[in-house]
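Next comes protein.cif, with mmCIF, C-alpha atoms.
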```
data_structure
loop_
_atom_site.label_atom_id
_atom_site.label_comp_id
_atom_site.auth_asym_id
_atom_site.auth_seq_id
_atom_site.Cartn_x
_atom_site.Cartn_y
_atom_site.Cartn_z
CA MET A 2 98.03 -82.80 -10.95
CA ALA A 3 94.26 -82.65 -11.11
CA LYS A 4 94.13 -81.69 -7.47
CA ARG A 5 96.54 -78.87 -8.09
CA ASN A 6 94.51 -77.58 -10.97
CA LYS A 7 91.39 -77.58 -8.81
CA GLN A 8 93.13 -75.59 -6.11
CA GLU A 9 94.41 -73.13 -8.66
CA THR A 10 90.92 -72.69 -10.03
CA THR A 11 89.57 -72.13 -6.57
CA SER A 12 92.29 -69.65 -5.84
CA ARG A 13 91.57 -67.76 -9.04
CA GLU A 14 87.81 -67.60 -8.27
CA LYS A 15 88.51 -66.34 -4.82
CA TYR A 16 90.94 -63.82 -6.23
CA SER A 17 88.38 -62.62 -8.74
CA GLU A 18 85.72 -62.32 -6.04
CA ASP A 19 88.08 -60.35 -3.87
CA VAL A 20 88.90 -58.05 -6.74
CA ILE A 21 85.19 -57.46 -7.48
CA ASN A 22 84.44 -56.90 -3.81
CA GLU A 23 87.31 -54.51 -3.61
CA LEU A 24 86.14 -52.58 -6.65
CA LEU A 25 82.35 -52.58 -5.98
CA GLY A 26 82.10 -53.37 -2.33
CA GLU A 27 80.64 -56.49 -0.86
CA ILE A 28 77.19 -57.37 -2.06
CA GLU A 29 75.00 -57.83 1.00
CA ASP A 30 71.31 -58.15 1.69
CA GLU A 31 71.03 -54.57 2.97
CA PRO A 32 70.25 -52.93 -0.40
CA ASP A 33 67.25 -55.18 -0.81
CA ILE A 34 66.01 -54.24 2.65
CA GLU A 35 66.54 -50.54 1.96
CA ILE A 36 64.69 -50.81 -1.34
CA GLU A 37 61.78 -52.52 0.37
CA GLU A 38 61.76 -49.81 3.02
CA ASP A 39 61.85 -47.15 0.32
CA VAL A 40 58.95 -48.79 -1.47
CA LEU A 41 56.99 -49.07 1.76
CA SER A 42 57.89 -45.49 2.57
CA MET A 43 56.63 -44.40 -0.82
CA GLY A 44 53.42 -46.30 -0.26
CA ASN A 45 52.94 -44.79 3.15
CA SER A 46 53.70 -41.35 1.75
CA SER A 47 50.97 -41.78 -0.86
CA GLU A 48 48.51 -42.84 1.82
CA ASP A 49 49.50 -39.88 3.97
CA ASP A 50 49.10 -37.55 1.03
CA ALA A 51 45.71 -39.07 0.33
CA LYS A 52 44.71 -38.63 3.97
CA THR A 53 45.97 -35.05 3.90
CA ALA A 54 44.19 -34.35 0.62
CA GLU A 55 40.91 -35.83 1.84
CA PRO A 56 40.32 -33.22 4.59
CA ASP A 57 41.28 -30.45 2.16
CA GLU A 58 38.71 -31.71 -0.34
CA GLU A 59 36.06 -31.97 2.39
CA LYS A 60 36.89 -28.47 3.53
CA SER A 61 36.67 -27.22 -0.04
CA ALA A 62 33.32 -28.98 -0.52
CA LYS A 63 31.98 -27.47 2.71
CA THR A 64 33.16 -24.04 1.60
CA ARG A 65 31.41 -24.44 -1.74
CA ARG A 66 28.23 -25.56 -0.01
CA TRP A 67 28.41 -22.54 2.32
CA TYR A 68 28.90 -20.14 -0.58
CA PHE A 69 25.99 -21.77 -2.43
CA ALA A 70 23.73 -21.48 0.61
CA ALA A 71 24.77 -17.86 1.09
CA ALA A 72 24.07 -17.11 -2.58
CA VAL A 73 20.64 -18.74 -2.35
CA PHE A 74 19.88 -16.74 0.80
CA ILE A 75 20.91 -13.48 -0.85
CA ILE A 76 18.77 -14.25 -3.90
CA ILE A 77 15.77 -15.09 -1.72
CA MET A 78 16.18 -11.88 0.28
CA ALA A 79 16.52 -9.89 -2.92
CA VAL A 80 13.32 -11.42 -4.28
CA ILE A 81 11.52 -10.72 -0.99
CA GLY A 82 12.80 -7.14 -1.06
CA LEU A 83 11.65 -6.70 -4.63
CA VAL A 84 8.20 -8.12 -3.88
CA SER A 85 7.90 -5.92 -0.79
CA SER A 86 8.92 -2.87 -2.76
CA VAL A 87 6.40 -3.63 -5.49
CA ARG A 88 3.68 -4.18 -2.91
CA PHE A 89 4.60 -0.94 -1.18
CA VAL A 90 4.44 1.02 -4.43
CA VAL A 91 1.18 -0.64 -5.50
CA LYS A 92 -0.33 -0.08 -2.06
CA GLY A 93 0.79 3.55 -2.10
CA ILE A 94 -0.72 4.12 -5.52
CA SER A 95 -3.88 2.29 -4.44
CA ASN A 96 -4.14 4.42 -1.29
CA MET A 97 -3.69 7.59 -3.31
CA ALA A 98 -6.41 6.46 -5.71
CA ASP A 99 -8.69 5.49 -2.83
CA ASN A 100 -8.16 8.85 -1.10
CA THR A 101 -8.88 10.72 -4.32
CA ALA A 102 -12.07 8.73 -4.88
CA LEU A 103 -13.16 9.20 -1.27
CA LYS A 104 -12.47 12.94 -1.38
CA THR A 105 -14.61 13.19 -4.51
CA GLU A 106 -17.39 11.26 -2.79
CA PHE A 107 -17.19 13.49 0.29
CA ALA A 108 -17.21 16.60 -1.91
CA ARG A 109 -20.47 15.45 -3.49
CA PHE A 110 -21.90 14.64 -0.07
CA LEU A 111 -20.94 18.02 1.42
CA LEU A 112 -21.86 20.23 -1.52
CA PRO A 113 -25.53 20.71 -0.48
CA VAL A 114 -24.41 21.70 3.03
CA VAL A 115 -21.58 23.99 1.93
CA ALA A 116 -23.81 25.59 -0.73
CA ASN A 117 -26.31 26.52 1.97
CA ASP A 118 -23.56 27.88 4.22
CA ILE A 119 -25.06 26.42 7.40
CA ALA A 120 -23.84 27.50 10.82
CA PRO A 121 -21.26 25.36 12.67
CA PHE A 122 -22.74 22.78 15.02
CA GLU A 123 -21.69 20.00 17.38
CA ASP A 124 -25.00 18.12 17.27
CA GLU A 125 -27.60 17.94 14.49
CA SER A 126 -30.25 19.23 16.88
CA GLU A 127 -28.48 22.61 16.71
CA ILE A 128 -29.18 22.97 12.98
CA THR A 129 -32.10 25.25 12.16
CA ASN A 130 -35.13 23.63 10.58
CA SER A 131 -34.98 25.85 7.51
CA SER A 132 -31.34 24.83 6.93
CA LYS A 133 -32.24 21.17 7.19
CA VAL A 134 -35.04 21.56 4.63
CA SER A 135 -32.87 23.56 2.25
CA CYS A 136 -29.88 21.18 2.51
CA SER A 137 -32.12 18.14 2.08
CA ILE A 138 -33.70 19.50 -1.11
CA TRP A 139 -30.34 20.55 -2.50
CA ASN A 140 -29.08 17.02 -1.82
CA ILE A 141 -31.91 15.66 -3.97
CA LEU A 142 -31.32 18.14 -6.80
CA ILE A 143 -27.56 17.56 -6.84
CA ASN A 144 -27.07 13.91 -5.97
CA LYS A 145 -30.32 12.14 -6.94
CA ASP A 146 -32.09 11.19 -10.13
CA THR A 147 -34.98 13.65 -10.54
CA SER A 148 -36.18 12.38 -13.90
CA GLU A 149 -39.16 10.57 -12.35
CA TYR A 150 -40.54 13.64 -10.53
CA LYS A 151 -43.67 15.26 -11.93
CA PRO A 152 -43.33 18.71 -13.51
CA SER A 153 -44.81 21.75 -11.78
CA SER A 154 -47.02 24.36 -13.46
CA ASP A 155 -44.16 26.88 -13.62
CA GLY A 156 -41.71 24.53 -15.34
CA GLY A 157 -40.10 23.18 -12.20
CA ILE A 158 -40.44 19.79 -10.55
CA LEU A 159 -42.51 18.53 -7.64
CA VAL A 160 -40.44 16.83 -4.93
CA PRO A 161 -42.42 14.72 -2.42
CA GLU A 162 -41.97 15.72 1.21
CA TYR A 163 -41.21 12.07 2.03
CA ASP A 164 -38.12 12.20 -0.19
CA VAL A 165 -37.04 15.40 1.55
CA SER A 166 -37.35 13.70 4.96
CA VAL A 167 -35.31 10.73 3.72
CA SER A 168 -32.68 13.09 2.31
CA CYS A 169 -32.45 14.83 5.68
CA LYS A 170 -31.69 11.54 7.43
CA GLU A 171 -29.07 10.72 4.80
CA LEU A 172 -27.25 13.95 5.56
CA PHE A 173 -27.65 14.35 9.31
CA GLY A 174 -28.37 10.86 10.62
CA ALA A 175 -31.30 8.51 11.16
CA LYS A 176 -32.51 10.42 14.22
CA SER A 177 -32.75 13.72 12.39
CA THR A 178 -36.23 15.15 11.83
CA LEU A 179 -37.62 18.34 10.28
CA SER A 180 -40.81 20.35 9.96
CA HIS A 181 -41.75 20.92 6.33
CA GLN A 182 -41.94 24.55 5.29
CA THR A 183 -41.20 26.94 2.43
CA VAL A 184 -37.55 28.01 2.44
CA GLY A 185 -35.11 30.07 0.41
CA VAL A 186 -35.35 33.15 -1.79
CA GLY A 187 -35.32 33.89 -5.51
CA ASP A 188 -34.37 30.97 -7.74
CA SER A 189 -33.43 29.01 -4.65
CA ARG A 190 -36.90 29.27 -3.15
CA PHE A 191 -38.54 25.91 -2.42
CA VAL A 192 -42.30 26.30 -1.98
CA TYR A 193 -43.99 23.75 0.19
CA ASP A 194 -47.52 22.60 -0.71
CA GLU A 195 -48.97 21.35 2.55
CA LYS A 196 -52.11 20.01 0.87
CA ASN A 197 -50.29 17.84 -1.66
CA HIS A 198 -47.21 17.26 0.50
CA VAL A 199 -44.76 18.32 -2.21
CA TYR A 200 -42.14 21.00 -2.79
CA THR A 201 -42.05 23.02 -5.98
CA CYS A 202 -38.42 23.40 -7.08
CA SER A 203 -36.87 25.11 -10.07
CA LYS A 204 -35.02 22.87 -12.56
CA ASN A 205 -32.73 25.65 -13.75
CA MET A 206 -30.92 26.60 -10.56
CA ARG A 207 -27.21 26.55 -11.23
CA TYR A 208 -25.75 29.15 -8.91
CA LEU A 209 -24.45 28.05 -5.51
CA ASN A 210 -23.07 30.31 -2.83
CA TYR A 211 -20.02 28.12 -2.21
CA ALA A 212 -18.45 24.89 -3.33
CA PRO A 213 -16.28 22.67 -1.12
CA LYS A 214 -12.59 22.10 -1.66
CA ILE A 215 -11.19 19.39 0.62
CA THR A 216 -7.60 20.25 1.46
CA GLU A 217 -6.92 17.75 4.25
CA MET A 218 -8.47 14.47 5.32
CA THR A 219 -7.77 12.02 8.13
CA GLY A 220 -9.74 8.94 9.03
CA ARG A 221 -9.84 6.43 11.84
CA ASN A 222 -12.36 3.75 12.75
CA GLY A 223 -14.91 5.07 10.28
CA THR A 224 -14.69 8.69 11.42
CA TYR A 225 -13.22 11.21 8.97
CA VAL A 226 -12.13 14.75 9.74
CA LEU A 227 -11.94 17.04 6.72
CA THR A 228 -10.57 20.52 6.30
CA VAL A 229 -12.87 22.21 3.79
CA ASP A 230 -12.25 25.47 1.99
CA TYR A 231 -15.30 27.45 0.86
CA ILE A 232 -14.82 28.52 -2.74
CA PRO A 233 -17.15 31.22 -4.18
CA PRO A 234 -19.10 30.92 -6.30
CA SER A 235 -19.86 27.58 -7.90
CA ILE A 236 -21.33 28.16 -11.36
CA THR A 237 -22.69 24.65 -11.79
CA MET A 238 -24.41 21.96 -9.80
CA ALA A 239 -22.38 19.26 -11.54
CA VAL A 240 -19.91 18.22 -8.86
CA GLU A 241 -17.82 16.34 -11.41
CA GLY A 242 -16.88 19.73 -12.82
CA LEU A 243 -15.40 21.13 -9.63
CA GLY A 244 -12.22 22.39 -11.22
CA ILE A 245 -11.85 25.03 -8.52
CA THR A 246 -9.05 27.58 -8.77
CA SER A 247 -10.48 30.50 -6.78
CA GLU A 248 -9.16 31.40 -3.34
CA SER A 249 -11.22 30.26 -0.39
CA VAL A 250 -13.29 32.71 1.64
CA LYS A 251 -13.18 30.62 4.81
CA THR A 252 -12.22 27.22 6.09
CA LEU A 253 -14.29 24.86 8.23
CA GLU A 254 -13.70 21.45 9.73
CA TYR A 255 -16.23 18.74 8.89
CA THR A 256 -16.51 15.45 10.78
CA ILE A 257 -18.15 12.61 8.89
CA SER A 258 -19.11 9.16 10.14
CA ARG A 259 -18.85 6.49 7.44
CA VAL A 260 -20.48 3.10 8.09
CA ASP A 261 -21.10 0.53 5.35
CA LYS A 262 -20.22 3.18 2.75
CA LYS A 263 -22.96 5.48 4.08
CA ASN A 264 -21.94 8.96 5.23
CA THR A 265 -23.43 11.01 8.04
CA LEU A 266 -22.45 14.57 8.89
CA VAL A 267 -21.57 14.67 12.60
CA SER A 268 -20.31 18.21 13.18
CA VAL A 269 -19.07 21.41 11.57
CA ARG A 270 -16.46 23.65 13.24
CA PHE A 271 -15.16 27.03 12.17
CA ILE A 272 -11.40 27.32 11.53
CA SER A 273 -10.69 30.61 9.75
CA GLY A 274 -12.18 33.32 7.52
CA THR A 275 -15.50 35.15 7.78
CA GLN A 276 -18.20 33.82 10.05
CA ASP A 277 -21.28 35.19 8.29
CA VAL A 278 -22.98 31.81 8.30
CA GLY A 279 -26.72 31.44 8.58
#
```
Go through the file and emit its structure as structure tokens.
Amino acid sequence: MAKRNKQETTSREKYSEDVINELLGEIEDEPDIEIEEDVLSMGNSSEDDAKTAEPDEEKSAKTRRWYFAAAVFIIIMAVIGLVSSVRFVVKGISNMADNTALKTEFARFLLPVVANDIAPFEDESEITNSSKVSCSIWNILINKDTSEYKPSSDGGILVPEYDVSVSCKELFGAKSTLSHQTVGVGDSRFVYDEKNHVYTCSKNMRYLNYAPKITEMTGRNGTYVLTVDYIPPSITMAVEGLGITSESVKTLEYTISRVDKKNTLVSVRFISGTQDVG
């Protein structure tokens, strides 16, 4: 009886297992294997995604670095351009100021020569002696301090012949020489005293035949070529007041050598206008 009950129990368990297997399918080890594979696959997928993402991040970082470098380069070039532009403007303004100052200096230097209306020349030896004396004295009266000169009996001043010789060399070069003599007419007459070696000059001379107006100037290696208009008449010896508006009578070309800020007149050439020069 007990044996039969045991067999019946076994039969029922087997029956139940068959029913469950029939309803749900047989439970095997495959699902566990598939799950493990899925888990491994998920893990591998994450690693692959990480590997894929890593190059993208590196590429993005490189791109950012490139853009940063490009931005820095552009900023540097912009700064360089700005500095260059400022320097160019400052240099241009400086050059304009320098040219203006140099033109004023040359105008002062040439005024005694232009006022005497000397003849064109290629070498200082071609200049007449009387012109040299006259220009040299005018240079003293216009561009030098005459307060230390002794007064003359007629209310003028006495200019030593030595100073006239020095003035001549300042205008026409160190090799230039002259023979002292009385020159000029009227108020512009300079009387030479051979005994005392002085020139008697009027202090009140204010009328000049011409004043220079520099219209063009070029310079290279210390040699300057100037286009000079002759403006009649100059009513004052004060060169600072050369506010000239009159039309020029003639135009001449002056060549000046400038060494160590010292000017020497090299030549004078006629360009246009009247040629009634002395």
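Taking only C-alpha atoms into account, Glu123 (chain A) lies nearest to A:Phe173 out of the set A:Phe173, A:Trp67, A:Tyr200, A:Tyr193.
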Open item on the list: I need the output of the PyMOL selection byres ((chain A and resi 259) around 10) for this file as a list in words; which residues are they?
Closed with: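 Selected by the PyMOL selection byres ((chain A and resi 259) around 10) in this file: Gly220, Asn222, Gly223, Thr224, Tyr225, Thr256, Ile257, Ser258, Val260, Asp261, Lys262, Lys263, Asn264, Thr265 and Leu266 of chain A.
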TODO: Run the PyMOL selection byres ((chain A and resi 153-161) around 8) against the file shown and list the residues it catches, as a list in words.
DONE: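 Answer for the PyMOL selection byres ((chain A and resi 153-161) around 8): Tyr150, Lys151, Pro152, Glu162, Tyr163, Asp164, Val165, His198, Val199, Tyr200, Thr201, Cys202, Ser203, Lys204 and Asn205 of chain A.
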Open item on the list: One decimal, in Å: what's the spacing between CA of Ala108 (chain A) and CA of Pro213 (chain A)?
Closed with: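 One can read the CA of Ala108 (chain A) to CA of Pro213 (chain A) distance as 6.2 Å.
With only C-alpha atoms taken into account, the protein and nucleic acid residues at most 9 Å from Leu179 (chain A) (excluding it and anything under 6 positions from it in its own chain) are Asn130, Ser131, Lys133, Val134, Ser166 and Cys169 of chain A.
For region 271-275 of chain A, the non-local neighbours within 12 Å, defined as residues at least 5 positions apart in the same chain or in other chains and counting all atoms listed in the file, are A:Asp118, A:Ile119, A:Ala120, A:Pro121, A:Phe122, A:Glu123, A:Leu227, A:Thr228, A:Val229, A:Asp230, A:Tyr231, A:Ile232, A:Glu248, A:Ser249, A:Val250, A:Lys251, A:Thr252, A:Leu253, A:Glu254, A:Tyr255, A:Thr256.
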Pull C-alpha atoms from the residues just selected and write them as a compact mmCIF listing (two decimals), in the coordinates of the input.
```txt
# COMPACT_ATOMS: atom_id res chain seq x y z
CA ASP A 118 -23.56 27.88 4.22
CA ILE A 119 -25.06 26.42 7.40
CA ALA A 120 -23.84 27.50 10.82
CA PRO A 121 -21.26 25.36 12.67
CA PHE A 122 -22.74 22.78 15.02
CA GLU A 123 -21.69 20.00 17.38
CA LEU A 227 -11.94 17.04 6.72
CA THR A 228 -10.57 20.52 6.30
CA VAL A 229 -12.87 22.21 3.79
CA ASP A 230 -12.25 25.47 1.99
CA TYR A 231 -15.30 27.45 0.86
CA ILE A 232 -14.82 28.52 -2.74
CA GLU A 248 -9.16 31.40 -3.34
CA SER A 249 -11.22 30.26 -0.39
CA VAL A 250 -13.29 32.71 1.64
CA LYS A 251 -13.18 30.62 4.81
CA THR A 252 -12.22 27.22 6.09
CA LEU A 253 -14.29 24.86 8.23
CA GLU A 254 -13.70 21.45 9.73
CA TYR A 255 -16.23 18.74 8.89
CA THR A 256 -16.51 15.45 10.78
```
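The coordinates place CA of Gly185 (chain A) at 7.1 Å from CA of Ser135 (chain A).
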Open item on the list: Would you compute the distance between CA of Val184 (chain A) and CA of Asn210 (chain A)? Give it in Å to one decimal.
Closed with: 15.6 Å
TODO: Using all atoms listed in the file, pick whichever of A:Ser268, A:Val192, A:Leu103, A:Val167 has the shortest atom-to-atom distance to Asp124 (chain A).
DONE: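 Checking each candidate against Asp124 (chain A), we get A:Ser268 as the closest.
Here the question is which of A:Val267, A:Ile75, A:Leu172, A:Ala62 gets nearest to Val114 (chain A) using all atoms listed in the file, and that residue is A:Leu172.
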Task: Expected answer as a list in words: all residues with atoms within 7 Å of (-31.5, 24.1, -0.4), all atoms listed in the file - done: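 The distance filter leaves exactly Pro113, Asn117, Val134, Ser135, Cys136, Ser137, Ile138, Trp139 and Ser189 of chain A.
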When you get a chance, write out N, CA and C atoms for region 248-271 of chain A, as an mmCIF file, in the coordinates of the input.
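Once everything was written out, this is out31.cif:
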```
data_model
loop_
_atom_site.group_PDB
_atom_site.id
_atom_site.type_symbol
_atom_site.label_atom_id
_atom_site.label_comp_id
_atom_site.auth_asym_id
_atom_site.auth_seq_id
_atom_site.Cartn_x
_atom_site.Cartn_y
_atom_site.Cartn_z
ATOM 1 N N GLU A 248 -9.621 31.453 -4.723
ATOM 2 C CA GLU A 248 -9.160 31.400 -3.340
ATOM 3 C C GLU A 248 -10.349 31.228 -2.414
ATOM 4 N N SER A 249 -10.128 30.532 -1.324
ATOM 5 C CA SER A 249 -11.220 30.260 -0.390
ATOM 6 C C SER A 249 -11.548 31.520 0.416
ATOM 7 N N VAL A 250 -12.827 31.614 0.807
ATOM 8 C CA VAL A 250 -13.290 32.710 1.640
ATOM 9 C C VAL A 250 -13.110 32.357 3.109
ATOM 10 N N LYS A 251 -13.317 31.079 3.431
ATOM 11 C CA LYS A 251 -13.180 30.620 4.810
ATOM 12 C C LYS A 251 -12.918 29.116 4.806
ATOM 13 N N THR A 252 -12.548 28.637 5.951
ATOM 14 C CA THR A 252 -12.220 27.220 6.090
ATOM 15 C C THR A 252 -12.928 26.659 7.314
ATOM 16 N N LEU A 253 -13.600 25.524 7.129
ATOM 17 C CA LEU A 253 -14.290 24.860 8.230
ATOM 18 C C LEU A 253 -13.855 23.401 8.322
ATOM 19 N N GLU A 254 -14.045 22.847 9.499
ATOM 20 C CA GLU A 254 -13.700 21.450 9.730
ATOM 21 C C GLU A 254 -14.982 20.624 9.795
ATOM 22 N N TYR A 255 -15.061 19.625 8.931
ATOM 23 C CA TYR A 255 -16.230 18.740 8.890
ATOM 24 C C TYR A 255 -15.846 17.362 9.436
ATOM 25 N N THR A 256 -16.694 16.816 10.282
ATOM 26 C CA THR A 256 -16.510 15.450 10.780
ATOM 27 C C THR A 256 -17.611 14.582 10.202
ATOM 28 N N ILE A 257 -17.211 13.496 9.554
ATOM 29 C CA ILE A 257 -18.150 12.610 8.890
ATOM 30 C C ILE A 257 -17.991 11.196 9.443
ATOM 31 N N SER A 258 -19.113 10.570 9.748
ATOM 32 C CA SER A 258 -19.110 9.160 10.140
ATOM 33 C C SER A 258 -19.452 8.337 8.893
ATOM 34 N N ARG A 259 -18.638 7.328 8.625
ATOM 35 C CA ARG A 259 -18.850 6.490 7.440
ATOM 36 C C ARG A 259 -18.999 5.038 7.880
ATOM 37 N N VAL A 260 -20.188 4.489 7.705
ATOM 38 C CA VAL A 260 -20.480 3.100 8.090
ATOM 39 C C VAL A 260 -21.153 2.410 6.913
ATOM 40 N N ASP A 261 -20.560 1.272 6.494
ATOM 41 C CA ASP A 261 -21.100 0.530 5.350
ATOM 42 C C ASP A 261 -21.264 1.428 4.126
ATOM 43 N N LYS A 262 -20.266 2.278 3.909
ATOM 44 C CA LYS A 262 -20.220 3.180 2.750
ATOM 45 C C LYS A 262 -21.349 4.226 2.770
ATOM 46 N N LYS A 263 -21.946 4.440 3.926
ATOM 47 C CA LYS A 263 -22.960 5.480 4.080
ATOM 48 C C LYS A 263 -22.412 6.576 4.979
ATOM 49 N N ASN A 264 -22.516 7.820 4.521
ATOM 50 C CA ASN A 264 -21.940 8.960 5.230
ATOM 51 C C ASN A 264 -22.992 9.716 6.034
ATOM 52 N N THR A 265 -22.573 10.183 7.193
ATOM 53 C CA THR A 265 -23.430 11.010 8.040
ATOM 54 C C THR A 265 -22.618 12.187 8.550
ATOM 55 N N LEU A 266 -23.134 13.384 8.396
ATOM 56 C CA LEU A 266 -22.450 14.570 8.890
ATOM 57 C C LEU A 266 -22.633 14.676 10.404
ATOM 58 N N VAL A 267 -21.524 14.689 11.132
ATOM 59 C CA VAL A 267 -21.570 14.670 12.600
ATOM 60 C C VAL A 267 -21.446 16.075 13.177
ATOM 61 N N SER A 268 -20.514 16.866 12.639
ATOM 62 C CA SER A 268 -20.310 18.210 13.180
ATOM 63 C C SER A 268 -19.624 19.095 12.157
ATOM 64 N N VAL A 269 -19.752 20.407 12.395
ATOM 65 C CA VAL A 269 -19.070 21.410 11.570
ATOM 66 C C VAL A 269 -18.457 22.432 12.516
ATOM 67 N N ARG A 270 -17.153 22.685 12.365
ATOM 68 C CA ARG A 270 -16.460 23.650 13.240
ATOM 69 C C ARG A 270 -15.769 24.707 12.386
ATOM 70 N N PHE A 271 -15.800 25.920 12.871
ATOM 71 C CA PHE A 271 -15.160 27.030 12.170
ATOM 72 C C PHE A 271 -13.648 27.011 12.443
#
```
